file entry_34.txt (compact mmCIF, C-alpha atoms and all ligand atoms)
# COMPACT_ATOMS: atom_id res chain seq x y z
CA MET A 1 14.02 18.86 3.72
CA ARG A 2 15.84 18.08 0.47
CA THR A 3 16.27 14.68 -1.05
CA ALA A 4 19.73 13.43 -1.81
CA PRO A 5 20.33 12.25 -5.37
CA ARG A 6 18.85 8.86 -6.14
CA GLN A 7 16.54 8.83 -3.16
CA TYR A 8 13.05 7.52 -3.60
CA ALA A 9 9.58 8.06 -2.17
CA GLU A 10 7.27 5.06 -1.86
CA LEU A 11 3.59 6.03 -1.88
CA HIS A 12 1.88 2.66 -2.23
CA LEU A 13 3.12 -0.13 0.02
CA HIS A 14 0.91 -2.52 1.99
CA LEU A 15 2.14 -3.69 5.38
CA GLY A 16 0.70 -7.13 4.55
CA GLY A 17 2.99 -7.46 1.54
CA ALA A 18 5.92 -5.34 2.62
CA VAL A 19 7.72 -7.75 4.93
CA LEU A 20 9.90 -10.39 3.30
CA PRO A 21 8.66 -13.99 3.64
CA ARG A 22 12.04 -14.89 5.18
CA ILE A 23 11.54 -12.35 7.97
CA LEU A 24 8.00 -13.55 8.61
CA TYR A 25 9.20 -17.16 8.80
CA SER A 26 12.02 -16.23 11.18
CA TYR A 27 9.39 -14.51 13.31
CA LEU A 28 7.33 -17.73 13.50
CA HIS A 29 10.36 -19.62 14.77
CA LYS A 30 11.18 -16.82 17.17
CA VAL A 31 7.79 -16.89 18.89
CA LYS A 32 7.01 -20.61 18.79
CA PHE A 33 8.21 -20.95 22.41
CA ASP A 34 6.77 -17.62 23.61
CA ARG A 35 4.66 -18.86 26.51
CA LEU A 36 4.04 -15.29 27.70
CA HIS A 37 1.93 -14.69 24.59
CA PRO A 38 -0.28 -17.76 24.01
CA ASP A 39 -1.92 -16.12 20.98
CA LYS A 40 1.41 -15.72 19.19
CA LEU A 41 2.51 -19.19 20.18
CA ALA A 42 -0.71 -20.73 18.86
CA ILE A 43 -0.54 -19.10 15.45
CA ALA A 44 3.17 -19.86 15.11
CA HIS A 45 2.49 -23.54 15.77
CA GLN A 46 -0.44 -23.58 13.39
CA TYR A 47 1.55 -21.96 10.55
CA LEU A 48 4.70 -24.02 11.11
CA LYS A 49 2.59 -27.18 11.00
CA THR A 50 0.98 -26.12 7.72
CA TYR A 51 4.27 -24.83 6.25
CA PRO A 52 7.01 -26.98 7.81
CA THR A 53 9.70 -25.67 5.48
CA TYR A 54 10.59 -22.14 4.43
CA GLU A 55 10.24 -23.15 0.79
CA ARG A 56 6.58 -24.11 1.28
CA TRP A 57 5.90 -20.87 3.14
CA GLU A 58 7.53 -18.76 0.46
CA LYS A 59 5.75 -20.62 -2.31
CA LYS A 60 2.37 -20.06 -0.66
CA LEU A 61 2.95 -16.32 -0.17
CA THR A 62 4.48 -15.56 -3.55
CA LYS A 63 2.63 -17.77 -6.01
CA PRO A 64 1.22 -16.04 -9.07
CA SER A 65 -2.54 -15.48 -9.17
CA LYS A 66 -5.12 -15.35 -11.87
CA THR A 67 -7.19 -12.62 -10.24
CA LEU A 68 -6.88 -9.76 -7.78
CA THR A 69 -9.09 -11.60 -5.27
CA GLU A 70 -6.83 -14.65 -5.38
CA TYR A 71 -3.77 -12.40 -5.09
CA LEU A 72 -5.12 -10.86 -1.87
CA GLU A 73 -5.29 -14.28 -0.17
CA ALA A 74 -1.61 -14.01 0.83
CA HIS A 75 -2.47 -10.93 2.89
CA LYS A 76 -5.02 -12.94 4.88
CA ILE A 77 -2.18 -15.22 6.00
CA VAL A 78 0.13 -12.37 6.98
CA GLU A 79 -2.36 -10.02 8.67
CA PRO A 80 -2.89 -12.11 11.85
CA LEU A 81 0.88 -11.99 12.40
CA GLN A 82 0.94 -8.19 12.47
CA THR A 83 -0.73 -7.42 15.80
CA VAL A 84 0.01 -4.76 18.42
CA SER A 85 2.47 -7.09 20.13
CA SER A 86 4.40 -8.06 16.99
CA VAL A 87 4.15 -5.18 14.54
CA ALA A 88 7.21 -3.33 15.88
CA TYR A 89 9.40 -6.29 14.93
CA MET A 90 7.99 -6.25 11.39
CA VAL A 91 8.17 -2.48 10.90
CA ASN A 92 11.73 -2.32 12.22
CA ARG A 93 12.87 -4.92 9.66
CA LEU A 94 10.86 -3.22 6.95
CA LEU A 95 12.43 0.20 7.56
CA ARG A 96 15.89 -1.33 7.68
CA GLY A 97 15.40 -2.90 4.25
CA CYS A 98 13.83 0.24 2.79
CA TYR A 99 16.74 2.37 3.94
CA VAL A 100 19.62 0.04 3.17
CA PHE A 101 18.44 -1.52 -0.09
CA GLU A 102 15.98 0.98 -1.56
CA ASN A 103 17.38 4.32 -0.51
CA LEU A 104 13.93 5.48 0.52
CA ALA A 105 13.67 9.00 1.90
CA TYR A 106 9.91 8.84 2.32
CA LEU A 107 7.43 6.05 2.98
CA GLU A 108 3.67 5.94 3.31
CA LEU A 109 2.78 2.53 4.71
CA ARG A 110 -0.82 1.41 4.32
CA TYR A 111 -2.80 -1.29 6.04
CA ASN A 112 -6.19 -2.15 7.41
CA PRO A 113 -6.01 -1.92 11.22
CA TYR A 114 -9.25 -3.89 11.65
CA PHE A 115 -7.71 -7.01 10.09
CA ARG A 116 -4.98 -6.94 12.75
CA ILE A 117 -7.11 -6.94 15.89
CA ASP A 118 -9.65 -9.27 17.47
CA ARG A 119 -12.64 -8.79 15.20
CA THR A 120 -15.11 -10.12 17.74
CA LEU A 121 -14.74 -6.97 19.86
CA PRO A 122 -17.58 -4.44 19.99
CA THR A 123 -16.86 -1.42 17.79
CA SER A 124 -15.82 0.96 20.60
CA GLN A 125 -13.23 -1.51 21.94
CA ALA A 126 -12.13 -2.34 18.39
CA VAL A 127 -11.47 1.36 17.83
CA ASP A 128 -9.26 1.51 20.92
CA LYS A 129 -7.29 -1.54 19.75
CA MET A 130 -6.86 -0.10 16.26
CA LYS A 131 -5.60 3.18 17.74
CA GLU A 132 -3.10 1.23 19.80
CA LEU A 133 -1.81 -0.42 16.63
CA VAL A 134 -1.49 2.93 14.82
CA ALA A 135 0.35 4.41 17.81
CA THR A 136 2.70 1.41 17.99
CA ILE A 137 3.66 1.66 14.32
CA HIS A 138 4.20 5.40 14.67
CA ALA A 139 6.38 4.90 17.74
CA THR A 140 8.42 2.22 15.96
CA ALA A 141 9.15 4.48 13.01
CA ALA A 142 10.04 7.36 15.33
CA ALA A 143 12.38 5.15 17.35
CA ASN A 144 14.11 3.96 14.19
CA PHE A 145 14.46 7.38 12.56
CA ARG A 146 17.98 7.99 13.85
CA GLU A 147 19.26 4.75 12.33
CA PHE A 148 16.98 4.65 9.28
CA PRO A 149 16.06 8.29 8.53
CA ILE A 150 12.96 7.78 6.44
CA VAL A 151 10.12 10.31 6.68
CA PHE A 152 7.27 8.00 7.53
CA SER A 153 3.49 8.20 7.67
CA GLN A 154 0.58 5.79 7.67
CA ILE A 155 -2.43 5.36 5.40
CA LEU A 156 -5.37 3.50 6.91
CA CYS A 157 -7.24 1.25 4.49
CA MET A 158 -10.97 0.92 4.51
CA ASP A 159 -12.06 -2.27 2.77
CA SER A 160 -14.64 -3.17 0.14
CA ARG A 161 -15.71 -6.18 2.26
CA LEU A 162 -16.33 -4.29 5.51
CA PRO A 163 -19.60 -2.70 6.63
CA ASN A 164 -19.89 1.07 6.46
CA GLU A 165 -19.80 1.31 10.25
CA ILE A 166 -16.28 -0.18 10.42
CA ASN A 167 -15.01 1.81 7.45
CA ALA A 168 -16.33 4.97 9.11
CA ALA A 169 -14.57 3.99 12.35
CA ILE A 170 -11.28 3.56 10.43
CA ALA A 171 -11.72 6.99 8.83
CA GLY A 172 -12.53 8.40 12.27
CA ILE A 173 -9.22 7.11 13.63
CA ALA A 174 -7.37 8.70 10.70
CA SER A 175 -9.08 11.97 11.56
CA GLU A 176 -8.25 11.77 15.26
CA MET A 177 -4.64 10.68 14.75
CA LYS A 178 -3.42 13.19 12.17
CA ALA A 179 0.13 13.17 13.52
CA GLU A 180 0.38 9.45 12.76
CA VAL A 181 -1.90 9.06 9.73
CA CYS A 182 -1.75 11.05 6.50
CA ALA A 183 -4.68 9.60 4.52
CA VAL A 184 -7.27 6.88 4.05
CA ASP A 185 -7.49 4.33 1.25
CA LEU A 186 -10.13 1.97 -0.06
CA ALA A 187 -8.74 -1.53 -0.66
CA GLY A 188 -10.00 -5.11 -0.91
CA PRO A 189 -11.36 -7.16 -3.81
CA ASP A 190 -12.88 -4.95 -6.50
CA THR A 191 -15.34 -7.66 -7.56
CA VAL A 192 -17.79 -6.22 -5.01
CA TYR A 193 -17.31 -2.58 -6.05
CA GLN A 194 -20.32 -2.49 -8.37
CA GLU A 195 -22.80 -4.06 -5.96
CA ARG A 196 -21.59 -1.81 -3.11
CA ARG A 197 -21.07 1.34 -5.13
CA GLU A 198 -23.46 3.50 -3.06
CA GLU A 199 -21.94 2.44 0.26
CA LEU A 200 -18.36 2.83 -0.95
CA LEU A 201 -19.11 6.25 -2.37
CA SER A 202 -20.64 7.33 0.94
CA SER A 203 -17.56 6.05 2.86
CA ILE A 204 -15.20 8.00 0.60
CA LYS A 205 -17.36 11.14 0.70
CA TYR A 206 -17.52 10.90 4.50
CA ALA A 207 -13.71 10.69 4.73
CA ARG A 208 -13.07 13.48 2.26
CA GLU A 209 -15.92 15.93 2.81
CA LYS A 210 -16.96 15.40 6.41
CA LEU A 211 -13.54 14.62 7.93
CA GLY A 212 -11.36 16.53 5.46
CA LEU A 213 -8.94 13.63 5.01
CA ASN A 214 -6.56 12.99 2.15
CA VAL A 215 -7.92 10.13 0.05
CA THR A 216 -6.28 7.57 -2.19
CA THR A 217 -8.40 4.76 -3.52
CA HIS A 218 -7.77 1.44 -5.25
CA LEU A 219 -9.62 2.13 -8.48
CA PHE A 220 -9.44 1.00 -12.10
CA GLU A 221 -6.83 -1.62 -11.22
CA THR A 222 -8.82 -4.27 -13.06
CA THR A 223 -11.87 -3.83 -15.24
CA SER A 224 -14.06 -4.59 -12.18
CA GLY A 225 -12.76 -1.59 -10.24
CA SER A 226 -14.22 1.12 -12.43
CA LEU A 227 -16.24 3.39 -10.15
CA GLU A 228 -16.09 6.71 -11.96
CA GLU A 229 -18.14 8.55 -9.35
CA LEU A 230 -15.34 8.10 -6.77
CA VAL A 231 -12.72 9.85 -8.90
CA PRO A 232 -13.57 13.47 -7.96
CA TYR A 233 -13.04 12.59 -4.26
CA CYS A 234 -9.53 11.21 -4.73
CA ASP A 235 -6.22 13.00 -4.22
CA ARG A 236 -4.46 10.00 -5.71
CA ILE A 237 -5.60 6.76 -7.30
CA GLY A 238 -4.10 3.39 -6.44
CA HIS A 239 -3.24 1.86 -9.83
CA GLY A 240 -5.78 3.35 -12.23
CA ILE A 241 -4.15 1.61 -15.19
CA GLN A 242 -7.51 0.91 -16.80
CA ILE A 243 -8.13 4.69 -17.11
CA PRO A 244 -5.60 5.43 -19.88
CA LEU A 245 -6.36 2.06 -21.47
CA HIS A 246 -10.16 2.08 -21.45
CA TYR A 247 -11.52 5.29 -19.87
CA PRO A 248 -9.34 8.04 -21.41
CA HIS A 249 -12.20 10.55 -21.11
CA LEU A 250 -11.32 10.72 -17.38
CA LEU A 251 -7.73 11.82 -17.97
CA PRO A 252 -8.47 15.57 -18.31
CA LEU A 253 -10.25 15.44 -14.94
CA LEU A 254 -7.23 13.73 -13.37
CA ALA A 255 -4.91 16.35 -14.86
CA LYS A 256 -7.17 19.24 -13.79
CA ASN A 257 -7.54 17.95 -10.22
CA ARG A 258 -3.85 16.94 -10.06
CA ILE A 259 -4.81 13.38 -9.20
CA CYS A 260 -1.70 11.22 -9.30
CA LEU A 261 -1.78 7.56 -10.36
CA GLU A 262 0.17 5.16 -8.16
CA ILE A 263 1.35 2.61 -10.73
CA CYS A 264 2.71 -0.66 -9.34
CA PRO A 265 4.05 -2.60 -12.37
CA THR A 266 4.90 -5.95 -10.79
CA THR A 267 1.41 -6.29 -9.29
CA TYR A 268 -0.23 -6.41 -12.72
CA PHE A 269 1.82 -9.44 -13.69
CA ARG A 270 1.03 -11.10 -10.34
CA THR A 271 -2.71 -10.53 -10.69
CA GLY A 272 -2.85 -11.42 -14.37
CA SER A 273 -4.02 -7.89 -15.33
CA ILE A 274 -1.33 -7.59 -17.99
CA GLN A 275 1.00 -10.09 -19.64
CA SER A 276 3.86 -7.91 -20.88
CA TYR A 277 5.59 -4.59 -20.27
CA ALA A 278 4.54 -3.53 -23.76
CA GLU A 279 1.00 -3.18 -22.39
CA LEU A 280 2.24 -0.64 -19.83
CA ARG A 281 3.84 1.61 -22.43
CA PRO A 282 0.56 3.27 -23.55
CA VAL A 283 -0.45 3.68 -19.89
CA PHE A 284 2.60 5.85 -19.20
CA GLN A 285 2.76 7.60 -22.55
CA THR A 286 -0.92 8.60 -22.59
CA CYS A 287 -0.60 10.01 -19.08
CA PHE A 288 2.55 11.94 -20.00
CA ASP A 289 0.81 13.38 -23.08
CA LEU A 290 -2.19 14.58 -21.07
CA GLY A 291 -0.25 15.84 -18.06
CA VAL A 292 -1.42 13.18 -15.61
CA ALA A 293 1.16 12.52 -12.91
CA ILE A 294 2.38 8.97 -12.33
CA ALA A 295 4.29 7.75 -9.28
CA VAL A 296 5.88 4.32 -9.54
CA CYS A 297 5.33 2.15 -6.47
CA THR A 298 5.82 -1.47 -5.41
CA ASP A 299 2.47 -2.28 -3.72
CA ASN A 300 3.89 -5.40 -2.02
CA SER A 301 7.66 -5.32 -2.35
CA GLY A 302 8.27 -8.08 0.21
CA LEU A 303 6.01 -10.63 -1.42
CA HIS A 304 7.07 -9.61 -4.92
CA GLY A 305 10.78 -9.67 -4.12
CA VAL A 306 11.04 -6.46 -6.16
CA ARG A 307 12.24 -3.25 -4.55
CA LEU A 308 11.45 0.23 -5.91
CA PRO A 309 14.73 0.86 -7.80
CA LEU A 310 14.23 -2.45 -9.60
CA GLU A 311 10.69 -1.48 -10.60
CA PHE A 312 12.20 1.57 -12.31
CA GLU A 313 15.01 -0.43 -13.85
CA ARG A 314 12.58 -2.91 -15.37
CA LEU A 315 10.48 -0.09 -16.83
CA LEU A 316 13.65 1.31 -18.39
CA THR A 317 14.91 -2.03 -19.65
CA HIS A 318 11.59 -2.76 -21.31
CA LYS A 319 11.49 0.74 -22.79
CA VAL A 320 8.24 1.67 -21.07
CA ILE A 321 9.89 4.93 -19.98
CA ASN A 322 13.20 6.65 -20.65
CA PHE A 323 15.62 8.12 -18.11
CA HIS A 324 14.05 11.57 -18.23
CA GLU A 325 10.57 10.11 -17.66
CA MET A 326 11.93 8.01 -14.83
CA GLU A 327 13.13 11.16 -13.14
CA VAL A 328 9.75 12.81 -13.63
CA CYS A 329 8.03 9.82 -11.99
CA ARG A 330 10.56 9.77 -9.15
CA GLU A 331 9.89 13.46 -8.45
CA ASN A 332 6.13 12.99 -8.79
CA ALA A 333 6.19 10.65 -5.81
CA PHE A 334 7.67 13.40 -3.62
CA ARG A 335 5.34 16.06 -5.08
CA HIS A 336 2.21 13.99 -4.46
CA ALA A 337 3.32 12.62 -1.09
CA PHE A 338 0.87 13.57 1.63
CA ARG A 339 3.57 14.42 4.18
CA TRP A 340 6.86 15.08 2.41
CA PRO A 341 8.12 18.16 4.22
CA GLY A 342 10.20 19.92 1.63
CA LEU A 343 11.80 20.38 -1.70
CA VAL A 344 12.54 17.75 -4.28
CA GLU A 345 16.12 17.75 -5.40
CA ARG A 346 16.76 17.14 -9.08
CA ARG A 347 19.47 14.85 -10.24
CA ASP A 348 22.19 16.21 -12.50
ZN ZN A 401 -2.47 -1.77 -3.27

call {"tool": "encode", "arguments": {"input": "entry_34.txt", "output": "structure tokens", "more": "lines below"}}
Ligand SMILES: [Zn+2]
result
Amino acid sequence: MRTAPRQYAELHLHLGGAVLPRILYSYLHKVKFDRLHPDKLAIAHQYLKTYPTYERWEKKLTKPSKTLTEYLEAHKIVEPLQTVSSVAYMVNRLLRGCYVFENLAYLELRYNPYFRIDRTLPTSQAVDKMKELVATIHATAAANFREFPIVFSQILCMDSRLPNEINAAIAGIASEMKAEVCAVDLAGPDTVYQERREELLSSIKYAREKLGLNVTTHLFETTSGSLEELVPYCDRIGHGIQIPLHYPHLLPLLAKNRICLEICPTTYFRTGSIQSYAELRPVFQTCFDLGVAIAVCTDNSGLHGVRLPLEFERLLTHKVINFHEMEVCRENAFRHAFRWPGLVERRD
């Protein structure tokens, strides 16, 4: 499969932050009378009581944060809305927006399935429910392919807050459902990375070495997320901006192992990691100089209100990259995609 000119691949997008607040709010109104699904009805009433106007809802979901942990709070609000019975509605609207407004040819959508099921279930039943969710998202994308032809795959996120048993179960699902899932990720607050370093390393090694899965990991996003020992087990790194800034000795290893950095510029402003685009310039330029691939991604385009072409445009406007470098990054996303089926077409 070839890409048409100006098409994009999105490698780092969280389901929890991908759906526009307006669509989520419309969903709450849509299900507030749904007596067939008391669980949906209950949460819709609870949220609409707490956020009686769209403006309050949007403000809560999009407010700037001082830290990554604070930033992730918005996902906790959205996750309970993305269950087996509702996720098709969300993914349909997401794909529509990605196709119409972003010109995406390829999308890897990531999420933690455990945060979208009843967490009181015993592990074996939880696994069945998580598989149902994965299958539902896959079926939704397949059903929408004719109208929104985006090559689509899923990345299942393990989480820094979850016990090893659950993270292993998530990796196990990725291994069993290879047609639906292309990789696993490690996400969640990085403030616990240091205290859980042994457990997190064993989860990643299990996924990569025992199950043979593709691995991308949220690492070196902030100064707390610096677990060097995980790097050799990654195919890609989510963010990694601290590496060129503070751990440049790792760059030759990234280049040698062809580990691509998934850079999500808007996130760093939202989490307070950086204050200006000027701080991103050395991140890109150092990686270019040492042959480390960068793919530009949105992370949470719905909550940021910034789609992928605009991420590129802002990097250009602020002279972080030039047009040639933009094209290199655009192609990198296809080259480092876990499931892109074909060639990458160059633009004239
Ligand atoms: Zn992320």

call {"tool": "residues_around", "arguments": {"input": "entry_34.txt", "residues": "range 291-305 of chain A", "least_positions_apart": "3", "cutoff": "7 Å", "atoms": "all atoms listed in the file", "output": "PDB file with C-alpha atoms, in the frame of the given file"}}
result
ATOM      1  CA  GLU A  10       7.270   5.060  -1.860  1.00  0.00           C
ATOM      2  CA  LEU A  11       3.590   6.030  -1.880  1.00  0.00           C
ATOM      3  CA  HIS A  12       1.880   2.660  -2.230  1.00  0.00           C
ATOM      4  CA  LEU A  13       3.120  -0.130   0.020  1.00  0.00           C
ATOM      5  CA  HIS A  14       0.910  -2.520   1.990  1.00  0.00           C
ATOM      6  CA  GLY A  17       2.990  -7.460   1.540  1.00  0.00           C
ATOM      7  CA  ALA A  18       5.920  -5.340   2.620  1.00  0.00           C
ATOM      8  CA  VAL A  19       7.720  -7.750   4.930  1.00  0.00           C
ATOM      9  CA  LEU A  20       9.900 -10.390   3.300  1.00  0.00           C
ATOM     10  CA  PRO A  21       8.660 -13.990   3.640  1.00  0.00           C
ATOM     11  CA  LEU A  61       2.950 -16.320  -0.170  1.00  0.00           C
ATOM     12  CA  THR A  62       4.480 -15.560  -3.550  1.00  0.00           C
ATOM     13  CA  LEU A 251      -7.730  11.820 -17.970  1.00  0.00           C
ATOM     14  CA  LEU A 254      -7.230  13.730 -13.370  1.00  0.00           C
ATOM     15  CA  ALA A 255      -4.910  16.350 -14.860  1.00  0.00           C
ATOM     16  CA  CYS A 260      -1.700  11.220  -9.300  1.00  0.00           C
ATOM     17  CA  LEU A 261      -1.780   7.560 -10.360  1.00  0.00           C
ATOM     18  CA  GLU A 262       0.170   5.160  -8.160  1.00  0.00           C
ATOM     19  CA  ILE A 263       1.350   2.610 -10.730  1.00  0.00           C
ATOM     20  CA  CYS A 264       2.710  -0.660  -9.340  1.00  0.00           C
ATOM     21  CA  THR A 267       1.410  -6.290  -9.290  1.00  0.00           C
ATOM     22  CA  CYS A 287      -0.600  10.010 -19.080  1.00  0.00           C
ATOM     23  CA  PHE A 288       2.550  11.940 -20.000  1.00  0.00           C
ATOM     24  CA  LEU A 308      11.450   0.230  -5.910  1.00  0.00           C
ATOM     25  CA  CYS A 329       8.030   9.820 -11.990  1.00  0.00           C
ATOM     26  CA  ARG A 330      10.560   9.770  -9.150  1.00  0.00           C
ATOM     27  CA  ASN A 332       6.130  12.990  -8.790  1.00  0.00           C
ATOM     28  CA  ALA A 333       6.190  10.650  -5.810  1.00  0.00           C
TER      29      ALA A 333
END

call {"tool": "residues_around", "arguments": {"input": "entry_34.txt", "residues": "Lys76 in chain A", "least_positions_apart": "5", "cutoff": "10 Å", "atoms": "all atoms listed in the file", "output": "PyMOL selection string"}}
result
chain A and resi 16+81+115-116

call {"tool": "residues_near_point", "arguments": {"input": "entry_34.txt", "point": "(-19.3, -1.5, -2.1)", "cutoff": "12 Å", "atoms": "all atoms listed in the file", "output": "CSV table (one decimal) with C-alpha atoms, in the frame of the given file"}}
result
chain,number,residue,atom,x,y,z
A,158,MET,CA,-11.0,0.9,4.5
A,159,ASP,CA,-12.1,-2.3,2.8
A,160,SER,CA,-14.6,-3.2,0.1
A,161,ARG,CA,-15.7,-6.2,2.3
A,162,LEU,CA,-16.3,-4.3,5.5
A,163,PRO,CA,-19.6,-2.7,6.6
A,164,ASN,CA,-19.9,1.1,6.5
A,167,ASN,CA,-15.0,1.8,7.4
A,186,LEU,CA,-10.1,2.0,-0.1
A,187,ALA,CA,-8.7,-1.5,-0.7
A,188,GLY,CA,-10.0,-5.1,-0.9
A,189,PRO,CA,-11.4,-7.2,-3.8
A,190,ASP,CA,-12.9,-5.0,-6.5
A,191,THR,CA,-15.3,-7.7,-7.6
A,192,VAL,CA,-17.8,-6.2,-5.0
A,193,TYR,CA,-17.3,-2.6,-6.0
A,194,GLN,CA,-20.3,-2.5,-8.4
A,195,GLU,CA,-22.8,-4.1,-6.0
A,196,ARG,CA,-21.6,-1.8,-3.1
A,197,ARG,CA,-21.1,1.3,-5.1
A,198,GLU,CA,-23.5,3.5,-3.1
A,199,GLU,CA,-21.9,2.4,0.3
A,200,LEU,CA,-18.4,2.8,-1.0
A,201,LEU,CA,-19.1,6.2,-2.4
A,202,SER,CA,-20.6,7.3,0.9
A,203,SER,CA,-17.6,6.0,2.9
A,204,ILE,CA,-15.2,8.0,0.6
A,224,SER,CA,-14.1,-4.6,-12.2
A,225,GLY,CA,-12.8,-1.6,-10.2
A,226,SER,CA,-14.2,1.1,-12.4
A,227,LEU,CA,-16.2,3.4,-10.2
A,230,LEU,CA,-15.3,8.1,-6.8

call {"tool": "residues_around", "arguments": {"input": "entry_34.txt", "residues": "Leu245 in chain A", "least_positions_apart": "5", "cutoff": "9 Å", "atoms": "only C-alpha atoms", "output": "number ranges by chain"}}
result
A: 282-283, 286

call {"tool": "write_last_selection", "arguments": {"input": "entry_34.txt", "atoms": "C-alpha atoms", "output": "JSON list (two decimals), in the coordinates of the input"}}
result
[["chain", "number", "residue", "atom", "x", "y", "z"],
["A", 282, "PRO", "CA", 0.56, 3.27, -23.55],
["A", 283, "VAL", "CA", -0.45, 3.68, -19.89],
["A", 286, "THR", "CA", -0.92, 8.60, -22.59]]

call {"tool": "atom_distance", "arguments": {"input": "entry_34.txt", "atom1": "CA of Thr271 in chain A", "atom2": "CA of Leu104 in chain A"}}
result
25.7 Å

call {"tool": "residues_around", "arguments": {"input": "entry_34.txt", "residues": "range 129-146 of chain A", "least_positions_apart": "2", "cutoff": "7 Å", "atoms": "only C-alpha atoms", "output": "list of chain:residue names"}}
result
A:Val84, A:Val87, A:Ala88, A:Val91, A:Asn92, A:Pro113, A:Tyr114, A:Ile117, A:Gln125, A:Ala126, A:Val127, A:Phe148, A:Pro149, A:Ile150, A:Phe152, A:Ile173, A:Glu180

call {"tool": "decode", "arguments": {"input": "entry_34.txt", "residues": "range 275-290 of chain A", "atoms": "N, CA and C atoms", "output": "PDB file, in the first residue's frame"}}
result
ATOM      1  N   GLN A 275       8.593  25.021  28.296  1.00  0.00           N
ATOM      2  CA  GLN A 275       7.838  26.290  28.284  1.00  0.00           C
ATOM      3  C   GLN A 275       7.779  26.908  26.895  1.00  0.00           C
ATOM      4  N   SER A 276       8.715  26.542  26.017  1.00  0.00           N
ATOM      5  CA  SER A 276       8.730  27.176  24.694  1.00  0.00           C
ATOM      6  C   SER A 276       9.216  26.194  23.640  1.00  0.00           C
ATOM      7  N   TYR A 277       8.856  26.488  22.379  1.00  0.00           N
ATOM      8  CA  TYR A 277       9.291  25.634  21.271  1.00  0.00           C
ATOM      9  C   TYR A 277      10.813  25.646  21.116  1.00  0.00           C
ATOM     10  N   ALA A 278      11.434  26.747  21.560  1.00  0.00           N
ATOM     11  CA  ALA A 278      12.894  26.824  21.448  1.00  0.00           C
ATOM     12  C   ALA A 278      13.555  25.651  22.176  1.00  0.00           C
ATOM     13  N   GLU A 279      12.915  25.173  23.245  1.00  0.00           N
ATOM     14  CA  GLU A 279      13.489  24.050  24.003  1.00  0.00           C
ATOM     15  C   GLU A 279      13.402  22.741  23.225  1.00  0.00           C
ATOM     16  N   LEU A 280      12.500  22.681  22.239  1.00  0.00           N
ATOM     17  CA  LEU A 280      12.380  21.458  21.442  1.00  0.00           C
ATOM     18  C   LEU A 280      13.403  21.403  20.303  1.00  0.00           C
ATOM     19  N   ARG A 281      13.925  22.572  19.945  1.00  0.00           N
ATOM     20  CA  ARG A 281      14.850  22.606  18.800  1.00  0.00           C
ATOM     21  C   ARG A 281      16.044  21.669  19.015  1.00  0.00           C
ATOM     22  N   PRO A 282      16.750  21.763  20.165  1.00  0.00           N
ATOM     23  CA  PRO A 282      17.888  20.831  20.347  1.00  0.00           C
ATOM     24  C   PRO A 282      17.472  19.362  20.408  1.00  0.00           C
ATOM     25  N   VAL A 283      16.237  19.091  20.839  1.00  0.00           N
ATOM     26  CA  VAL A 283      15.763  17.695  20.862  1.00  0.00           C
ATOM     27  C   VAL A 283      15.786  17.140  19.448  1.00  0.00           C
ATOM     28  N   PHE A 284      15.184  17.865  18.517  1.00  0.00           N
ATOM     29  CA  PHE A 284      15.125  17.403  17.125  1.00  0.00           C
ATOM     30  C   PHE A 284      16.511  17.419  16.479  1.00  0.00           C
ATOM     31  N   GLN A 285      17.226  18.524  16.651  1.00  0.00           N
ATOM     32  CA  GLN A 285      18.486  18.657  15.922  1.00  0.00           C
ATOM     33  C   GLN A 285      19.524  17.631  16.385  1.00  0.00           C
ATOM     34  N   THR A 286      19.588  17.379  17.685  1.00  0.00           N
ATOM     35  CA  THR A 286      20.536  16.379  18.184  1.00  0.00           C
ATOM     36  C   THR A 286      20.192  14.990  17.637  1.00  0.00           C
ATOM     37  N   CYS A 287      18.911  14.693  17.583  1.00  0.00           N
ATOM     38  CA  CYS A 287      18.501  13.384  17.041  1.00  0.00           C
ATOM     39  C   CYS A 287      18.824  13.284  15.554  1.00  0.00           C
ATOM     40  N   PHE A 288      18.566  14.357  14.810  1.00  0.00           N
ATOM     41  CA  PHE A 288      18.905  14.333  13.379  1.00  0.00           C
ATOM     42  C   PHE A 288      20.407  14.093  13.210  1.00  0.00           C
ATOM     43  N   ASP A 289      21.220  14.809  13.997  1.00  0.00           N
ATOM     44  CA  ASP A 289      22.678  14.706  13.858  1.00  0.00           C
ATOM     45  C   ASP A 289      23.172  13.286  14.128  1.00  0.00           C
ATOM     46  N   LEU A 290      22.530  12.595  15.073  1.00  0.00           N
ATOM     47  CA  LEU A 290      23.013  11.269  15.457  1.00  0.00           C
ATOM     48  C   LEU A 290      22.222  10.142  14.804  1.00  0.00           C
TER      49      LEU A 290
END
